[in-house]
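Raw contents of structure-v3.txt, compact mmCIF, C-alpha atoms:
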# COMPACT_ATOMS: atom_id res chain seq x y z
CA MET A 246 0.00 0.00 0.00
CA SER A 247 2.91 2.37 0.74
CA VAL A 248 4.16 1.84 -2.83
CA LEU A 249 0.75 2.67 -4.25
CA ARG A 250 0.70 5.90 -2.26
CA ASN A 251 3.68 7.19 -4.18
CA GLY A 252 2.48 10.02 -6.42
CA ALA A 253 4.11 8.67 -9.58
CA VAL A 254 2.68 5.17 -9.05
CA THR A 255 -0.80 6.50 -8.28
CA ALA A 256 -0.78 8.80 -11.30
CA GLY A 257 0.53 6.06 -13.60
CA VAL A 258 -1.99 3.43 -12.49
CA ILE A 259 -4.96 5.80 -12.60
CA GLY A 260 -3.81 7.16 -15.98
CA LEU A 261 -3.48 3.65 -17.39
CA LEU A 262 -6.89 2.50 -16.18
CA TRP A 263 -8.62 5.71 -17.22
CA ALA A 264 -7.07 5.58 -20.70
CA PHE A 265 -8.49 2.10 -21.23
CA VAL A 266 -11.91 3.21 -19.95
CA ILE A 267 -11.99 6.18 -22.33
CA ALA A 268 -10.68 4.16 -25.27
CA VAL A 269 -13.41 1.56 -24.82
CA THR A 270 -16.04 4.28 -24.37
CA VAL A 271 -14.95 6.17 -27.51
CA ALA A 272 -14.77 2.94 -29.53
CA VAL A 273 -18.25 1.83 -28.49
CA THR A 274 -19.79 5.28 -28.96
CA LEU A 275 -18.38 5.87 -32.43
CA SER A 276 -19.11 2.31 -33.53
CA PHE A 277 -22.76 2.76 -32.62
CA ALA A 278 -22.93 6.24 -34.14
CA SER A 279 -21.21 5.49 -37.44
CA GLY A 280 -21.54 1.77 -38.04
CA LEU A 281 -17.76 1.65 -38.55
CA GLY A 282 -15.21 -0.47 -36.70
CA PHE A 283 -13.31 1.07 -33.75
CA ARG A 284 -11.45 -0.66 -30.93
CA PRO A 285 -8.95 0.35 -28.23
CA GLY A 286 -5.24 0.15 -28.94
CA ALA A 287 -3.59 -1.57 -25.96
CA LEU A 288 -0.03 -0.25 -26.37
CA GLY A 289 -1.19 3.28 -27.12
CA CYS A 290 -3.44 3.31 -24.04
CA VAL A 291 -0.55 2.12 -21.86
CA ILE A 292 1.90 4.73 -23.17
CA LEU A 293 -0.53 7.66 -23.20
CA GLY A 294 -2.30 6.71 -19.98
CA VAL A 295 0.86 6.33 -17.92
CA GLY A 296 2.54 9.25 -19.66
CA GLY A 297 -0.45 11.53 -19.20
CA GLY A 298 -0.72 10.71 -15.51
CA LEU A 299 2.97 11.38 -14.90
CA ALA A 300 2.87 14.58 -16.96
CA LEU A 301 0.02 15.90 -14.83
CA ILE A 302 1.95 15.61 -11.58
CA TYR A 303 5.39 16.63 -12.87
CA LEU A 304 4.39 19.27 -15.45
CA ARG A 305 1.21 20.57 -13.81
CA ALA A 306 2.03 24.22 -14.51
CA VAL A 307 3.04 23.76 -18.16
CA PRO A 308 0.53 25.61 -20.36
CA PHE A 309 -1.17 23.85 -23.26
CA LEU A 310 -0.62 20.43 -21.66
CA LEU A 311 -3.99 19.22 -22.92
CA ALA A 312 -3.28 20.40 -26.47
CA GLY A 313 0.10 18.69 -26.38
CA PHE A 314 -1.44 15.44 -25.17
CA VAL A 315 -4.01 15.51 -27.98
CA ALA A 316 -1.27 16.29 -30.51
CA VAL A 317 0.81 13.32 -29.35
CA SER A 318 -2.28 11.09 -29.59
CA VAL A 319 -2.85 12.24 -33.18
CA VAL A 320 0.80 11.61 -34.11
CA LEU A 321 0.65 8.10 -32.63
CA MET A 322 -2.45 7.46 -34.71
CA PHE A 323 -0.21 6.95 -37.73
CA THR A 324 1.94 4.37 -35.93
CA PRO A 325 1.30 0.92 -34.45
CA LEU A 326 1.11 2.67 -31.04
CA SER A 327 -2.19 4.39 -31.82
CA PRO A 328 -4.56 4.48 -28.82
CA MET A 329 -7.43 3.73 -31.20
CA GLN A 330 -7.45 0.98 -33.81
CA PHE A 331 -9.70 0.92 -36.88
CA THR A 332 -11.03 -1.65 -39.27
CA GLU A 333 -10.41 -1.26 -42.97
CA GLY A 334 -12.44 1.44 -44.66
CA VAL A 335 -12.79 3.87 -41.74
CA PRO A 336 -12.39 7.41 -43.20
CA LEU A 337 -9.56 9.61 -41.95
CA GLY A 338 -12.03 12.12 -40.48
CA TRP A 339 -13.57 9.48 -38.22
CA GLN A 340 -10.09 8.30 -37.20
CA LEU A 341 -9.08 11.84 -36.22
CA LEU A 342 -12.34 12.33 -34.32
CA SER A 343 -11.80 9.17 -32.29
CA VAL A 344 -8.21 10.01 -31.38
CA VAL A 345 -8.99 13.64 -30.49
CA ALA A 346 -11.93 12.50 -28.36
CA PHE A 347 -9.65 9.98 -26.65
CA GLY A 348 -7.05 12.66 -25.92
CA VAL A 349 -9.49 15.23 -24.57
CA PHE A 350 -11.55 12.88 -22.42
CA THR A 351 -8.47 11.11 -21.08
CA LEU A 352 -6.36 14.02 -19.88
CA TRP A 353 -9.09 16.50 -18.97
CA PRO A 354 -10.81 14.30 -16.33
CA MET A 355 -7.43 13.05 -15.09
CA ARG A 356 -6.54 16.63 -14.17
CA VAL A 357 -9.48 16.54 -11.78
CA MET A 358 -8.67 13.07 -10.45
CA LEU A 359 -5.04 13.93 -9.70
CA VAL A 360 -5.62 17.45 -8.39
CA GLU A 361 -4.30 16.46 -4.93
CA ALA A 362 -1.50 14.23 -6.26
CA HIS A 363 2.15 15.29 -6.41
CA PRO A 364 5.57 13.63 -6.81
CA GLY A 365 6.70 11.66 -3.79
CA ASP A 366 4.65 10.04 -1.04
CA LEU A 367 0.99 11.03 -0.85
CA THR A 368 -1.04 11.54 2.27
CA ARG A 369 -3.90 9.16 2.86
CA HIS A 370 -6.34 11.95 1.99
CA ALA A 371 -4.66 12.72 -1.35
CA PHE A 372 -4.46 9.03 -2.30
CA GLU A 373 -8.07 8.29 -1.41
CA ASP A 374 -9.23 11.47 -3.14
CA ALA A 375 -7.61 10.35 -6.41
CA VAL A 376 -9.05 6.82 -6.14
CA ILE A 377 -12.55 8.05 -5.28
CA ARG A 378 -12.53 10.55 -8.16
CA PHE A 379 -11.48 7.79 -10.56
CA LEU A 380 -14.16 5.40 -9.29
CA THR A 381 -16.75 8.18 -9.53
CA GLY A 382 -15.89 8.87 -13.16
CA PHE A 383 -15.85 5.15 -13.95
CA GLY A 384 -19.25 4.73 -12.27
CA TYR A 385 -20.75 7.58 -14.27
CA ILE A 386 -19.60 6.02 -17.54
CA VAL A 387 -20.83 2.51 -16.66
CA PHE A 388 -24.20 3.77 -15.44
CA THR A 389 -24.68 6.01 -18.48
CA ALA A 390 -23.77 3.17 -20.83
CA ALA A 391 -26.14 0.75 -19.08
CA VAL A 392 -29.00 3.24 -19.43
CA LEU A 393 -28.36 4.74 -22.86
CA ILE A 394 -27.04 1.85 -24.97
CA PRO A 395 -30.19 -0.33 -24.84
CA PHE A 396 -32.42 2.70 -25.46
CA TYR A 397 -30.18 3.92 -28.30
CA VAL A 398 -30.16 0.49 -29.96
CA MET A 399 -33.94 0.28 -29.59
CA VAL A 400 -34.55 3.70 -31.15
CA MET A 401 -32.03 3.31 -33.97
CA THR A 402 -33.33 -0.15 -34.88
CA SER A 403 -36.88 1.18 -35.04
CA LEU A 404 -35.73 3.77 -37.60
CA LYS A 405 -33.99 1.26 -39.89
CA SER A 406 -35.41 -0.24 -43.04
CA GLN A 407 -35.72 -3.98 -43.50
CA GLN A 408 -33.04 -3.94 -46.20
CA ALA A 409 -30.57 -2.11 -43.93
CA LEU A 410 -31.15 -4.55 -41.09
CA LEU A 411 -30.60 -7.54 -43.34
CA LYS A 412 -27.44 -5.97 -44.79
CA ASN A 413 -25.83 -5.19 -41.41
CA PRO A 414 -27.81 -5.84 -38.20
CA LEU A 415 -25.05 -4.22 -36.11
CA ASP A 416 -25.07 -0.91 -37.98
CA PHE A 417 -26.99 1.49 -35.73
CA SER A 418 -26.39 4.64 -37.78
CA ILE A 419 -29.35 6.20 -39.60
CA ASP A 420 -29.79 7.58 -43.09
CA LEU A 421 -31.32 11.06 -42.69
CA SER A 422 -31.90 11.29 -46.44
CA ARG A 423 -34.92 8.99 -46.02
CA GLY A 424 -36.90 11.86 -44.48
CA LEU A 425 -40.27 10.85 -43.00
CA ASP A 426 -39.70 7.31 -44.23
CA LEU A 427 -37.48 6.94 -41.15
CA PHE A 428 -40.70 6.67 -39.13
CA ARG A 429 -42.29 4.10 -41.41
CA SER A 430 -42.35 1.45 -38.66
CA TYR A 431 -44.31 3.79 -36.37
CA PHE A 432 -46.81 4.66 -39.10
CA GLU A 433 -47.36 0.97 -39.82
CA LEU A 434 -47.81 0.13 -36.14
CA PHE A 435 -50.65 2.62 -35.78
CA GLY A 436 -52.09 1.96 -39.22
CA GLN A 437 -51.84 -1.82 -39.48
CA PHE A 438 -51.32 -3.16 -35.95
CA ASN A 439 -53.90 -1.11 -34.03
CA PHE A 440 -51.33 0.34 -31.63
CA GLY A 441 -53.49 3.39 -30.98
CA SER A 442 -56.04 1.11 -29.32
CA TYR A 443 -53.34 -0.61 -27.25
CA LEU A 444 -52.02 2.75 -26.12
CA TRP A 445 -55.47 3.96 -25.06
CA THR A 446 -56.26 0.69 -23.27
CA SER A 447 -53.03 0.83 -21.27
CA PHE A 448 -53.67 4.46 -20.39
CA TYR A 449 -57.17 4.10 -19.00
CA VAL A 450 -56.40 0.78 -17.29
CA SER A 451 -53.44 2.42 -15.56
CA VAL A 452 -55.47 5.48 -14.55
CA LEU A 453 -58.31 3.35 -13.19
CA THR A 454 -55.79 1.20 -11.31
CA VAL A 455 -54.40 4.34 -9.70
CA LEU A 456 -57.88 5.53 -8.66
CA ILE A 457 -58.89 2.13 -7.25
CA THR A 458 -55.59 1.80 -5.41
CA LEU A 459 -55.91 5.23 -3.82
CA ALA A 460 -59.53 4.59 -2.88
CA PHE A 461 -58.48 1.60 -0.77
CA SER A 462 -54.97 2.55 0.32
CA VAL A 463 -55.66 6.08 1.62
CA PRO A 464 -58.22 5.08 4.27
CA GLY A 465 -56.28 1.91 5.04
CA ALA A 466 -52.98 3.75 5.51
CA TYR A 467 -54.68 6.47 7.57
CA ALA A 468 -56.27 3.87 9.84
CA VAL A 469 -52.94 2.15 10.44
CA ALA A 470 -51.17 5.44 11.09
CA ARG A 471 -53.73 7.26 13.24
CA LEU A 472 -56.34 4.90 14.70
CA ARG A 473 -55.89 2.42 17.53
CA PHE A 474 -57.43 -1.03 17.03
CA LYS A 475 -56.64 -4.63 17.86
CA GLY A 476 -54.11 -6.18 15.50
CA ARG A 477 -52.95 -2.81 14.19
CA ALA A 478 -49.23 -3.54 14.68
CA ALA A 479 -49.48 -6.99 13.08
CA PHE A 480 -51.41 -5.57 10.13
CA SER A 481 -48.85 -2.81 9.69
CA ARG A 482 -45.97 -5.26 9.59
CA SER A 483 -47.68 -7.75 7.28
CA ILE A 484 -48.75 -5.31 4.54
CA LEU A 485 -45.99 -6.36 2.16
CA LEU A 486 -46.25 -10.11 2.80
CA ILE A 487 -48.04 -10.53 -0.53
CA TYR A 488 -44.74 -9.79 -2.28
CA MET A 489 -43.18 -12.86 -0.66
CA VAL A 490 -45.21 -14.97 -3.12
CA PRO A 491 -43.96 -14.54 -6.72
CA MET A 492 -46.68 -13.63 -9.19
CA ILE A 493 -45.67 -16.53 -11.41
CA VAL A 494 -46.80 -18.89 -8.62
CA LEU A 495 -50.23 -17.24 -8.55
CA ALA A 496 -50.57 -17.15 -12.34
CA LEU A 497 -52.18 -20.55 -12.78
CA PRO A 498 -54.76 -20.20 -9.97
CA ILE A 499 -55.69 -16.73 -11.26
CA TYR A 500 -56.06 -18.08 -14.80
CA ILE A 501 -58.29 -20.94 -13.63
CA ALA A 502 -60.44 -18.73 -11.40
CA PHE A 503 -60.90 -16.05 -14.06
CA SER A 504 -61.72 -18.65 -16.71
CA MET A 505 -64.39 -20.21 -14.50
CA THR A 506 -65.96 -16.85 -13.66
CA GLY A 507 -65.83 -15.44 -17.18
CA LEU A 508 -63.38 -12.68 -16.25
CA ARG A 509 -60.56 -13.89 -18.47
CA ASN A 510 -60.07 -11.84 -21.63
CA THR A 511 -61.86 -8.84 -20.10
CA ILE A 512 -60.65 -5.43 -18.99
CA PRO A 513 -62.67 -5.63 -15.73
CA GLY A 514 -60.67 -8.76 -14.95
CA LEU A 515 -57.44 -6.80 -15.19
CA LEU A 516 -58.91 -4.02 -13.06
CA MET A 517 -59.72 -6.57 -10.37
CA ILE A 518 -56.26 -8.11 -10.22
CA TYR A 519 -53.98 -5.11 -10.84
CA PRO A 520 -54.92 -3.28 -7.59
CA VAL A 521 -54.17 -6.46 -5.66
CA THR A 522 -50.53 -6.01 -6.63
CA THR A 523 -50.42 -2.24 -6.05
CA ILE A 524 -52.49 -1.64 -2.90
CA PRO A 525 -49.95 -3.22 -0.48
CA VAL A 526 -47.06 -1.01 -1.61
CA ALA A 527 -49.34 2.05 -1.65
CA LEU A 528 -50.45 1.26 1.91
CA TYR A 529 -46.84 0.90 3.00
CA MET A 530 -45.76 4.18 1.42
CA LEU A 531 -48.73 6.24 2.64
CA GLN A 532 -48.77 5.03 6.23
CA GLY A 533 -45.21 6.24 6.72
CA TYR A 534 -46.14 9.66 5.38
CA PHE A 535 -49.31 9.94 7.47
CA ARG A 536 -47.32 9.12 10.60
CA GLY A 537 -44.94 11.93 9.76
CA LEU A 538 -47.73 14.53 9.67
CA PRO A 539 -48.22 16.44 12.96
CA GLY A 540 -51.22 14.99 14.78
CA GLU A 541 -51.92 18.33 16.43
CA VAL A 542 -53.21 19.74 13.13
CA GLU A 543 -55.83 17.02 12.85
CA GLU A 544 -56.74 17.33 16.53
CA ALA A 545 -57.34 21.05 16.02
CA GLY A 546 -59.70 20.23 13.17
CA LEU A 547 -61.62 17.77 15.37
CA MET A 548 -61.90 20.38 18.11
CA ASP A 549 -63.32 22.83 15.54
CA GLY A 550 -66.19 20.45 14.88
CA LEU A 551 -64.94 18.56 11.84
CA SER A 552 -65.68 14.87 11.55
CA ARG A 553 -62.89 12.37 11.02
CA LEU A 554 -63.71 12.12 7.28
CA GLN A 555 -63.73 15.90 6.97
CA VAL A 556 -60.34 16.08 8.69
CA ILE A 557 -58.96 13.57 6.19
CA TRP A 558 -60.48 15.40 3.19
CA LYS A 559 -59.73 19.00 4.21
CA ILE A 560 -56.48 18.65 6.17
CA THR A 561 -54.67 15.34 5.74
CA LEU A 562 -55.01 14.86 1.99
CA PRO A 563 -53.92 18.42 1.02
CA LEU A 564 -50.86 18.03 3.26
CA SER A 565 -50.16 14.64 1.69
CA LEU A 566 -50.09 15.81 -1.93
CA PRO A 567 -46.40 14.92 -2.52
CA ALA A 568 -46.95 11.40 -1.21
CA MET A 569 -50.16 11.03 -3.21
CA VAL A 570 -48.42 12.06 -6.43
CA SER A 571 -45.53 9.73 -5.66
CA VAL A 572 -47.79 6.76 -5.00
CA SER A 573 -49.93 7.54 -8.05
CA LEU A 574 -46.90 7.69 -10.31
CA TYR A 575 -45.48 4.47 -8.89
CA VAL A 576 -48.78 2.62 -9.27
CA PHE A 577 -49.26 4.01 -12.79
CA MET A 578 -45.84 2.70 -13.82
CA ILE A 579 -46.59 -0.73 -12.37
CA ALA A 580 -49.88 -0.97 -14.26
CA TRP A 581 -48.43 0.47 -17.47
CA ASN A 582 -45.48 -1.96 -17.54
CA GLU A 583 -47.33 -5.05 -16.28
CA PHE A 584 -46.93 -7.92 -18.72
CA LEU A 585 -47.44 -11.34 -17.12
CA LEU A 586 -51.11 -10.97 -16.19
CA ALA A 587 -51.99 -9.19 -19.44
CA PHE A 588 -50.24 -11.90 -21.46
CA MET A 589 -51.99 -14.64 -19.50
CA LEU A 590 -55.50 -13.21 -19.37
CA LEU A 591 -55.94 -11.38 -22.69
CA ASP A 592 -56.42 -13.21 -25.99
CA ASP A 593 -58.54 -10.74 -27.96
CA PRO A 594 -56.32 -8.25 -29.87
CA SER A 595 -59.00 -5.57 -29.52
CA LYS A 596 -58.45 -5.65 -25.73
CA PHE A 597 -54.66 -5.85 -25.65
CA THR A 598 -52.70 -3.54 -23.41
CA LEU A 599 -49.52 -1.98 -24.80
CA THR A 600 -47.15 -4.56 -23.30
CA ARG A 601 -49.34 -7.37 -24.66
CA GLY A 602 -49.33 -5.71 -28.07
CA VAL A 603 -45.54 -5.39 -28.05
CA ALA A 604 -45.23 -9.10 -27.20
CA MET A 605 -47.40 -9.88 -30.23
CA LEU A 606 -44.74 -8.26 -32.43
CA ASN A 607 -42.08 -10.72 -31.25
CA SER A 608 -42.60 -13.00 -34.21
CA SER A 609 -40.45 -14.17 -37.09
CA GLU A 610 -43.19 -12.98 -39.45
CA ILE A 611 -42.98 -9.35 -38.26
CA PRO A 612 -39.90 -7.20 -39.04
CA ARG A 613 -37.63 -6.59 -36.08
CA GLN A 614 -37.86 -2.80 -36.44
CA HIS A 615 -41.60 -2.99 -35.68
CA LEU A 616 -40.87 -4.69 -32.35
CA MET A 617 -38.35 -1.98 -31.49
CA ALA A 618 -40.79 0.76 -32.51
CA GLY A 619 -43.42 -0.79 -30.26
CA ALA A 620 -40.94 -0.88 -27.39
CA VAL A 621 -40.17 2.82 -27.93
CA ILE A 622 -43.88 3.66 -27.89
CA ALA A 623 -44.26 1.75 -24.62
CA THR A 624 -41.18 3.34 -23.03
CA VAL A 625 -41.25 7.03 -23.99
CA PRO A 626 -44.60 8.05 -22.37
CA ILE A 627 -43.77 6.55 -18.99
CA MET A 628 -40.24 7.99 -19.18
CA ALA A 629 -41.60 11.47 -19.90
CA LEU A 630 -44.13 11.13 -17.08
CA PHE A 631 -41.46 10.03 -14.62
CA LEU A 632 -39.05 12.84 -15.57
CA GLY A 633 -41.84 15.41 -15.33
CA LEU A 634 -42.99 14.31 -11.88
CA GLU A 635 -39.67 13.04 -10.52
CA ARG A 636 -39.39 15.81 -7.92
CA PHE A 637 -42.77 14.84 -6.45
CA MET A 638 -41.81 11.19 -6.40
CA THR A 639 -38.53 11.88 -4.62
CA LYS A 640 -40.25 14.07 -2.04
CA GLY A 641 -43.00 11.51 -1.50
CA LEU A 642 -40.64 8.57 -1.13
CA THR A 643 -38.50 10.31 1.48
CA ALA A 644 -41.39 11.92 3.38
CA GLY A 645 -42.22 10.23 6.65
CA SER A 646 -38.88 8.43 6.74
CA VAL A 647 -38.02 9.87 10.17
CA LYS A 648 -41.24 9.30 12.05
CA GLY A 649 -42.67 6.55 9.86
Could you write out this file's structure as structure tokens?
Amino acid sequence: MSVLRNGAVTAGVIGLLWAFVIAVTVAVTLSFASGLGFRPGALGCVILGVGGGLALIYLRAVPFLLAGFVAVSVVLMFTPLSPMQFTEGVPLGWQLLSVVAFGVFTLWPMRVMLVEAHPGDLTRHAFEDAVIRFLTGFGYIVFTAAVLIPFYVMVMTSLKSQQALLKNPLDFSIDLSRGLDLFRSYFELFGQFNFGSYLWTSFYVSVLTVLITLAFSVPGAYAVARLRFKGRAAFSRSILLIYMVPMIVLALPIYIAFSMTGLRNTIPGLLMIYPVTTIPVALYMLQGYFRGLPGEVEEAGLMDGLSRLQVIWKITLPLSLPAMVSVSLYVFMIAWNEFLLAFMLLDDPSKFTLTRGVAMLNSSEIPRQHLMAGAVIATVPIMALFLGLERFMTKGLTAGSVKG
């Protein structure tokens, strides 16, 4: 450990690792964007990574260090020591772009990582600061890649033509010269596959699920949080026990019961079973928030002559708006994304929810870009809703965490 705390060793190791991270990131990004072949150059990453790290601690005050590092990267591009390697046919402009991007995004963040580093032995604070900054940057890249790459592939595939997919399934670039024909898959989904109906069905089923869930969970959570009755503590602790039984275990009994009662292949059947999966978590979330509200406010309302229901309607619910929005959004997302029950209970295409309609597209007879377009249609609305109401959801999830 004492060897690692030497400034030169720390800078060299972090520079080496960060150079590989950036080289892989640039290669993956440009390969997806252009459809061309890029890959990291091992020797170039070693030389430039270690050299860049050492230069930052020994030549920290030298002006134009970043420009010099990029220039060296470009020069090495024309040698076997290039930090980026290319398949045959990659234009020179793309090669320059990859190497310049490598140089900028390698040295620039390293300046921040090694801001406390210096030649000689480092203090524990300086060493840990450099390591934590490196791990933070690495975590950002991994998390961003995990989120964006699947979505990017999904969107780009939905914009491809059948001929382009057959020619090169791994080419995720798009041809802007096609104009509105880029969205042909989306037009065909709504025109030929009835996706407008699926979208509407998912919307009103999700909204009704939210309303039914709130209708049961609000009074239930309030009773657990405020009222005193026998078995209250046991009920409070057992609210989430339903999630100990996987839904796949309940699938067959639900299918048999709904078939015998005529509820299979009906929207009312979904509206009966969806709240069963959402009410427990809504109860759990709301009871914590209600416990966090000051009881004196409600007691003042009771002393002013309000009934218990009036206190809930006029005082408790307005104060609980962040939690209500949070629970509503969470329940809406559960109902919108639910697939197993919809797949099991719905057979009539005129009653399909969006997830059931997307599953229908997973067929060898339907072009792959239609499946990806359906996935985009299912993903974008709920993503936009979440981003728009995220501040309410965060506030509602954390509310009541102290007293609840």
Return the padded bounding box of segment 374-393 of chain A as AutoDock Vina command-line options: axis-aligned, built from all atoms listed in the file, 6 Å added on each side, with centre and edge lengths in Å to one decimal.
--center_x -18.3 --center_y 6.1 --center_z -13.0 --size_x 33.4 --size_y 22.7 --size_z 31.7
Need the shell around His363 of chain A: protein/DNA/RNA residues with any atom at most 8 Å away, counting all atoms listed in the file. Skip same-chain ones fewer than 4 positions apart. Format as a short mmCIF file (atom, residue, chain, number, x, y, z; two decimals) with C-alpha atoms, keeping the file's coordinate frame?
data_model
loop_
_atom_site.label_atom_id
_atom_site.label_comp_id
_atom_site.auth_asym_id
_atom_site.auth_seq_id
_atom_site.Cartn_x
_atom_site.Cartn_y
_atom_site.Cartn_z
CA GLY A 252 2.48 10.02 -6.42
CA ALA A 253 4.11 8.67 -9.58
CA ILE A 302 1.95 15.61 -11.58
CA TYR A 303 5.39 16.63 -12.87
CA LEU A 367 0.99 11.03 -0.85
#
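Considering only C-alpha atoms, the residue among A:Arg369, A:Lys412, A:Lys596, A:Arg356 positioned nearest to Ile512 of chain A is A:Lys596.
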Nearest to Leu380 of chain A by atom-to-atom distance, counting only C-alpha atoms, from A:Val463, A:Thr506, A:Leu262, A:Ile501: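 Closest to Leu380 of chain A of all the choices is A:Leu262.
We find atom CA of Leu547 of chain A and atom CA of Tyr534 of chain A to be spaced 20.1 Å apart.
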Close residues, Pro612 of chain A itself excluded, 12 Å, all atoms listed in the file, min 2 positions apart in chain, as a list in words: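 Once the adjacent positions are removed, what remains is Thr402, Ser403, Leu404, Lys405, Ser406, Gln407, Gln408, Ala409, Leu410, Leu411, Arg429, Ser430, Glu433, Leu434, Met605, Leu606, Asn607, Ser608, Ser609, Glu610, Gln614, His615, Leu616, Met617, Ala618 and Gly619 of chain A.
With distances taken over all atoms listed in the file, A:Tyr467 is the one residue among A:Tyr467, A:Phe347, A:Phe283, A:Phe461 lying closest to Gly537 of chain A.
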Point-to-point distance from atom CA of Gly289 of chain A to atom CA of Val392 of chain A, Å rounded to tenths: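 Taking atom CA of Gly289 of chain A and atom CA of Val392 of chain A, their separation equals 28.9 Å.
You will find atom CA of Leu359 of chain A at 16.4 Å from atom CA of Ile267 of chain A.
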Find the residues near segment 314-324 of chain A: any atom within 9 Å, counting all atoms listed in the file, skip ones fewer than 6 places away on the same chain, and give them as a short mmCIF file (atom, residue, chain, number, x, y, z; two decimals) with C-alpha atoms, in the frame of the given file.
data_model
loop_
_atom_site.label_atom_id
_atom_site.label_comp_id
_atom_site.auth_asym_id
_atom_site.auth_seq_id
_atom_site.Cartn_x
_atom_site.Cartn_y
_atom_site.Cartn_z
CA GLY A 289 -1.19 3.28 -27.12
CA LEU A 293 -0.53 7.66 -23.20
CA GLY A 297 -0.45 11.53 -19.20
CA GLN A 330 -7.45 0.98 -33.81
CA GLN A 340 -10.09 8.30 -37.20
CA LEU A 341 -9.08 11.84 -36.22
CA VAL A 344 -8.21 10.01 -31.38
CA VAL A 345 -8.99 13.64 -30.49
CA ALA A 346 -11.93 12.50 -28.36
CA PHE A 347 -9.65 9.98 -26.65
CA GLY A 348 -7.05 12.66 -25.92
CA VAL A 349 -9.49 15.23 -24.57
CA LEU A 352 -6.36 14.02 -19.88
#
Please produce, as JSON lines, a per-residue contact table for segment 534-582 of chain A versus segment 469-473 of chain A (criterion: any atom at most 12 Å away, only C-alpha atoms considered), showing the nearest atom pair and its distance in Å to one decimal, sorted by chain then residue number.
{"residue": "A:Tyr534", "atom": "CA", "partner": "A:Ala470", "partner_atom": "CA", "distance": 8.7}
{"residue": "A:Phe535", "atom": "CA", "partner": "A:Ala470", "partner_atom": "CA", "distance": 6.1}
{"residue": "A:Arg536", "atom": "CA", "partner": "A:Ala470", "partner_atom": "CA", "distance": 5.3}
{"residue": "A:Gly537", "atom": "CA", "partner": "A:Ala470", "partner_atom": "CA", "distance": 9.1}
{"residue": "A:Leu538", "atom": "CA", "partner": "A:Ala470", "partner_atom": "CA", "distance": 9.8}
{"residue": "A:Pro539", "atom": "CA", "partner": "A:Arg471", "partner_atom": "CA", "distance": 10.7}
{"residue": "A:Gly540", "atom": "CA", "partner": "A:Arg471", "partner_atom": "CA", "distance": 8.3}
{"residue": "A:Glu541", "atom": "CA", "partner": "A:Arg471", "partner_atom": "CA", "distance": 11.7}
{"residue": "A:Glu543", "atom": "CA", "partner": "A:Arg471", "partner_atom": "CA", "distance": 10.0}
{"residue": "A:Glu544", "atom": "CA", "partner": "A:Arg471", "partner_atom": "CA", "distance": 11.0}
{"residue": "A:Arg553", "atom": "CA", "partner": "A:Leu472", "partner_atom": "CA", "distance": 10.6}
{"residue": "A:Val556", "atom": "CA", "partner": "A:Arg471", "partner_atom": "CA", "distance": 11.9}
{"residue": "A:Ile557", "atom": "CA", "partner": "A:Arg471", "partner_atom": "CA", "distance": 10.8}
{"residue": "A:Thr561", "atom": "CA", "partner": "A:Arg471", "partner_atom": "CA", "distance": 11.1}
Since we have the selection now, will you write its residues out, keeping C-alpha atoms, as a PDB file, in the coordinates of the input?
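Written out: part-v6.pdb:
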ATOM      1  CA  TYR A 534     -46.140   9.660   5.380  1.00  0.00           C
ATOM      2  CA  PHE A 535     -49.310   9.940   7.470  1.00  0.00           C
ATOM      3  CA  ARG A 536     -47.320   9.120  10.600  1.00  0.00           C
ATOM      4  CA  GLY A 537     -44.940  11.930   9.760  1.00  0.00           C
ATOM      5  CA  LEU A 538     -47.730  14.530   9.670  1.00  0.00           C
ATOM      6  CA  PRO A 539     -48.220  16.440  12.960  1.00  0.00           C
ATOM      7  CA  GLY A 540     -51.220  14.990  14.780  1.00  0.00           C
ATOM      8  CA  GLU A 541     -51.920  18.330  16.430  1.00  0.00           C
ATOM      9  CA  GLU A 543     -55.830  17.020  12.850  1.00  0.00           C
ATOM     10  CA  GLU A 544     -56.740  17.330  16.530  1.00  0.00           C
ATOM     11  CA  ARG A 553     -62.890  12.370  11.020  1.00  0.00           C
ATOM     12  CA  VAL A 556     -60.340  16.080   8.690  1.00  0.00           C
ATOM     13  CA  ILE A 557     -58.960  13.570   6.190  1.00  0.00           C
ATOM     14  CA  THR A 561     -54.670  15.340   5.740  1.00  0.00           C
TER      15      THR A 561
END
Using only C-alpha atoms for the distances, tell me which of A:Ser565, A:Asn510, A:Ser552, A:Ser573 is nearest to Leu586 of chain A. A:Asn510
At a cut-off of 12 Å, using all atoms listed in the file, what residues contact Pro336 of chain A? Leave out same-chain residues fewer than 5 positions from it and give the result as a PyMOL selection string. chain A and resi 279-283+331+341-343
Pick the closest to Ile377 of chain A from A:Met628, A:Leu456, A:Ile259, A:Leu590: which is it, counting only C-alpha atoms?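 Result for the nearest residue to Ile377 of chain A: A:Ile259.
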Among the residues A:Leu599, A:Met548, A:Leu275, A:Ala623, the one that comes closest to Asn439 of chain A [using all atoms listed in the file]: A:Leu599
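All protein, DNA and RNA residues at most 9 Å from (9.8, 4.1, -0.5) are Ser247, Val248, Asn251, Gly365 and Asp366 of chain A, using all atoms listed in the file.
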